[in-house]
Amino acid sequence: MTALDDLKGKYLTAVAAAADEAALEEVRLAALGKKGEISLKMRELGKMSPEERSTFGAALNALKDEIDAALRAKKAAMADAALDARLRTEWLDVTLPGRPRPAGTIHPVSQVTEELTAIFADMGFAVAEGPQVESDWYNFDALNIPPEHPARQEHDTFFMNRAEGDDRPPHVLRTHTSPVQIRAMMEQGAPIRIICPGRVYRMDMDQTHSPMFHQVEGLVIGKDISMANLKWVLEEFFSAFFGKPVKTRFRASHFPFTEPSAEVDIQCSWIDGQLRIGEGDGWMEVLGSGMVHSHVLRSAGVDPDEWQGFAFGMGIDRMAMLKYGIPDLRAFFESDLRWLRHYGFSALNVPELAGGVAG
């Protein structure tokens, strides 16, 4: 066993003397690699007698295991030493405050949608939704809009393309959320009290109009519903939305789906270039409304001799502009975030708006 003892001393000394991982790897290959001294000794076992093989093989395996354990221990010690050296040169002051990460904010249109939904929910209104691609019947016919009405022309409405020979009734991108009212009445019947928020589409684009915008419509059907109920609901909504009492004024108008119909103005004033809602002797038109036309009720399967109700519709984007002082509708849709930052809605900053509403 003298030869094995010599190998043991040789390689344990070499392991201890290795200065880095590269040197340690050289020692491993010299001892335990394919052509290493201990590996070559293992090949000699086949030439020995069974008795010699048993004795020499056990001693050789023990040596192999001892050298391998020494290599692993040395490698671990090197890793610990390297970590200690790194920790001595690198340090972190855990007492420093954390770096704040700016958080995004909700878009003003989404924020106003949530606000008005909560206000109407307090008054008992449920939320109804419907498809944005509607049939011509739901979008126009059921709402008493005649074939010659300008809204049914291609310069006002987005019509879906039909293949040549396809004679099905046309489909459109809905021009209002009124079709949702029809669907809700057909599904639920009367009485009913709902609001219908959502995207709508019209071929219009300027400072105060966009081809795609957001609208909310309200519908109440009951036994003894009147314009007085409509006025109360709207004044309660505006007062809650703007955070102050807001008077309304009804002006006679015409909409195909309501009779009588009324444009609704809210009280306002201009002071030093600031539009102030709920004060002064000025008026601003904000929505259309009226008592639901009997044709609309019949189209939805509701008997107009037994039920009556009111409906109203307003632009959510318009409400956001009035409340947060954003005079240009394009601020909501331009990809340049400087629009929103300018009006207090930085994508990385919560708006803090106080005082009057800017015009």
# chains A, B, ... in the order shown; residues from 1 in each chain; ligands from 1
>>> select_by_dssp(residues="segment 118-293 of chain A", states="helix (DSSP H, G or I)", output="number ranges by chain")
A: 118-122, 136-139, 141-143, 150-152, 178-188, 227-242
>>> residues_around(residues="Leu60 of chain A", least_positions_apart="2", cutoff="9 Å", atoms="only C-alpha atoms", output="list in words")
Leu4, Ile38, Lys41, Met42, Thr55, Phe56, Gly57, Ala58, Ala62, Leu63, Lys64 and Asp65 of chain A
>>> closest_atom_pairs(of="segment 247-338 of chain A", to="segment 171-180 of chain A", cutoff="10 Å", atoms="only C-alpha atoms", output="CSV")
residue,atom,partner,partner_atom,distance
A:Phe257,CA,A:Ser178,CA,9.2
A:Ala300,CA,A:Pro179,CA,10.0
A:Ala311,CA,A:Ser178,CA,9.2
A:Phe312,CA,A:Ser178,CA,9.4
A:Gly313,CA,A:Thr177,CA,8.5
A:Met314,CA,A:His176,CA,9.9
A:Gly315,CA,A:His176,CA,9.8
>>> write_last_selection(atoms="C-alpha atoms", output="compact mmCIF listing (two decimals), in the first residue's frame")
# COMPACT_ATOMS: atom_id res chain seq x y z
CA PHE A 257 -86.83 58.28 -29.92
CA ALA A 300 -88.82 46.53 -27.38
CA ALA A 311 -84.36 58.48 -21.30
CA PHE A 312 -81.30 60.71 -21.46
CA GLY A 313 -77.86 60.59 -23.00
CA MET A 314 -74.61 62.46 -22.42
CA GLY A 315 -70.99 62.24 -23.52
>>> atom_distance(atom1="atom CA of Ser289 of chain A", atom2="atom CA of Phe238 of chain A")
14.5 Å
>>> select_by_dssp(residues="segment 196-314 of chain A", states="strand (DSSP E)", output="MDAnalysis selection string")
chainID A and resid 196:201 212:222 248:255 258:271 274:277 282:292 308:314
>>> atom_distance(atom1="atom CA of Leu24 of chain A", atom2="atom CA of Lys8 of chain A")
15.5 Å
>>> decode(residues="segment 215-228 of chain A", atoms="all heavy atoms", output="JSON list (two decimals), in the first residue's frame")
[["chain", "number", "residue", "atom", "x", "y", "z"],
["A", 215, "GLN", "N", -70.16, 57.37, -24.28],
["A", 215, "GLN", "CA", -71.48, 57.91, -23.98],
["A", 215, "GLN", "C", -72.13, 57.09, -22.86],
["A", 215, "GLN", "O", -71.85, 55.90, -22.70],
["A", 215, "GLN", "CB", -72.36, 57.83, -25.25],
["A", 215, "GLN", "CG", -73.69, 58.56, -25.15],
["A", 215, "GLN", "CD", -74.46, 58.45, -26.46],
["A", 215, "GLN", "OE1", -74.79, 57.34, -26.90],
["A", 215, "GLN", "NE2", -74.75, 59.58, -27.10],
["A", 216, "VAL", "N", -72.96, 57.75, -22.08],
["A", 216, "VAL", "CA", -73.78, 57.03, -21.12],
["A", 216, "VAL", "C", -75.23, 57.47, -21.32],
["A", 216, "VAL", "O", -75.51, 58.66, -21.46],
["A", 216, "VAL", "CB", -73.33, 57.27, -19.66],
["A", 216, "VAL", "CG1", -73.41, 58.74, -19.28],
["A", 216, "VAL", "CG2", -74.17, 56.43, -18.69],
["A", 217, "GLU", "N", -76.11, 56.50, -21.41],
["A", 217, "GLU", "CA", -77.53, 56.80, -21.53],
["A", 217, "GLU", "C", -78.26, 56.19, -20.35],
["A", 217, "GLU", "O", -77.85, 55.15, -19.82],
["A", 217, "GLU", "CB", -78.09, 56.24, -22.85],
["A", 217, "GLU", "CG", -77.44, 56.87, -24.07],
["A", 217, "GLU", "CD", -78.15, 56.50, -25.36],
["A", 217, "GLU", "OE1", -79.30, 56.00, -25.29],
["A", 217, "GLU", "OE2", -77.55, 56.71, -26.43],
["A", 218, "GLY", "N", -79.30, 56.84, -19.95],
["A", 218, "GLY", "CA", -80.12, 56.35, -18.85],
["A", 218, "GLY", "C", -81.53, 56.06, -19.32],
["A", 218, "GLY", "O", -82.05, 56.73, -20.22],
["A", 219, "LEU", "N", -82.15, 55.06, -18.71],
["A", 219, "LEU", "CA", -83.52, 54.68, -19.08],
["A", 219, "LEU", "C", -84.27, 54.28, -17.82],
["A", 219, "LEU", "O", -83.78, 53.47, -17.02],
["A", 219, "LEU", "CB", -83.51, 53.50, -20.06],
["A", 219, "LEU", "CG", -84.88, 52.88, -20.41],
["A", 219, "LEU", "CD1", -85.70, 53.86, -21.25],
["A", 219, "LEU", "CD2", -84.69, 51.56, -21.14],
["A", 220, "VAL", "N", -85.46, 54.86, -17.64],
["A", 220, "VAL", "CA", -86.34, 54.47, -16.53],
["A", 220, "VAL", "C", -87.73, 54.25, -17.11],
["A", 220, "VAL", "O", -88.29, 55.14, -17.76],
["A", 220, "VAL", "CB", -86.40, 55.55, -15.43],
["A", 220, "VAL", "CG1", -87.42, 55.17, -14.37],
["A", 220, "VAL", "CG2", -85.03, 55.76, -14.81],
["A", 221, "ILE", "N", -88.27, 53.07, -16.91],
["A", 221, "ILE", "CA", -89.63, 52.73, -17.36],
["A", 221, "ILE", "C", -90.43, 52.29, -16.14],
["A", 221, "ILE", "O", -89.97, 51.45, -15.36],
["A", 221, "ILE", "CB", -89.63, 51.61, -18.41],
["A", 221, "ILE", "CG1", -88.80, 52.00, -19.63],
["A", 221, "ILE", "CG2", -91.06, 51.28, -18.84],
["A", 221, "ILE", "CD1", -89.32, 53.18, -20.39],
["A", 222, "GLY", "N", -91.61, 52.89, -15.96],
["A", 222, "GLY", "CA", -92.47, 52.53, -14.84],
["A", 222, "GLY", "C", -93.90, 52.91, -15.13],
["A", 222, "GLY", "O", -94.26, 53.27, -16.26],
["A", 223, "LYS", "N", -94.73, 52.89, -14.10],
["A", 223, "LYS", "CA", -96.16, 53.18, -14.26],
["A", 223, "LYS", "C", -96.43, 54.68, -14.29],
["A", 223, "LYS", "O", -97.23, 55.15, -15.09],
["A", 223, "LYS", "CB", -96.94, 52.54, -13.11],
["A", 223, "LYS", "CG", -96.97, 51.01, -13.12],
["A", 223, "LYS", "CD", -97.86, 50.49, -14.23],
["A", 223, "LYS", "CE", -98.02, 48.97, -14.12],
["A", 223, "LYS", "NZ", -98.91, 48.43, -15.16],
["A", 224, "ASP", "N", -95.78, 55.42, -13.42],
["A", 224, "ASP", "CA", -96.11, 56.85, -13.28],
["A", 224, "ASP", "C", -94.86, 57.72, -13.41],
["A", 224, "ASP", "O", -94.63, 58.64, -12.62],
["A", 224, "ASP", "CB", -96.78, 57.11, -11.92],
["A", 224, "ASP", "CG", -98.07, 56.31, -11.77],
["A", 224, "ASP", "OD1", -98.92, 56.43, -12.65],
["A", 224, "ASP", "OD2", -98.19, 55.58, -10.77],
["A", 225, "ILE", "N", -94.04, 57.43, -14.40],
["A", 225, "ILE", "CA", -92.81, 58.19, -14.60],
["A", 225, "ILE", "C", -93.11, 59.44, -15.41],
["A", 225, "ILE", "O", -93.87, 59.41, -16.39],
["A", 225, "ILE", "CB", -91.77, 57.33, -15.34],
["A", 225, "ILE", "CG1", -91.47, 56.05, -14.54],
["A", 225, "ILE", "CG2", -90.49, 58.12, -15.56],
["A", 225, "ILE", "CD1", -90.90, 56.30, -13.17],
["A", 226, "SER", "N", -92.50, 60.57, -15.03],
["A", 226, "SER", "CA", -92.78, 61.84, -15.71],
["A", 226, "SER", "C", -91.48, 62.62, -15.91],
["A", 226, "SER", "O", -90.40, 62.23, -15.44],
["A", 226, "SER", "CB", -93.75, 62.69, -14.88],
["A", 226, "SER", "OG", -93.12, 63.14, -13.69],
["A", 227, "MET", "N", -91.61, 63.76, -16.61],
["A", 227, "MET", "CA", -90.46, 64.64, -16.81],
["A", 227, "MET", "C", -89.95, 65.20, -15.49],
["A", 227, "MET", "O", -88.77, 65.52, -15.36],
["A", 227, "MET", "CB", -90.85, 65.79, -17.74],
["A", 227, "MET", "CG", -91.16, 65.38, -19.18],
["A", 227, "MET", "SD", -89.68, 64.98, -20.14],
["A", 227, "MET", "CE", -89.06, 66.61, -20.52],
["A", 228, "ALA", "N", -90.83, 65.30, -14.50],
["A", 228, "ALA", "CA", -90.40, 65.77, -13.18],
["A", 228, "ALA", "C", -89.39, 64.80, -12.57],
["A", 228, "ALA", "O", -88.40, 65.22, -11.94],
["A", 228, "ALA", "CB", -91.60, 65.94, -12.26]]
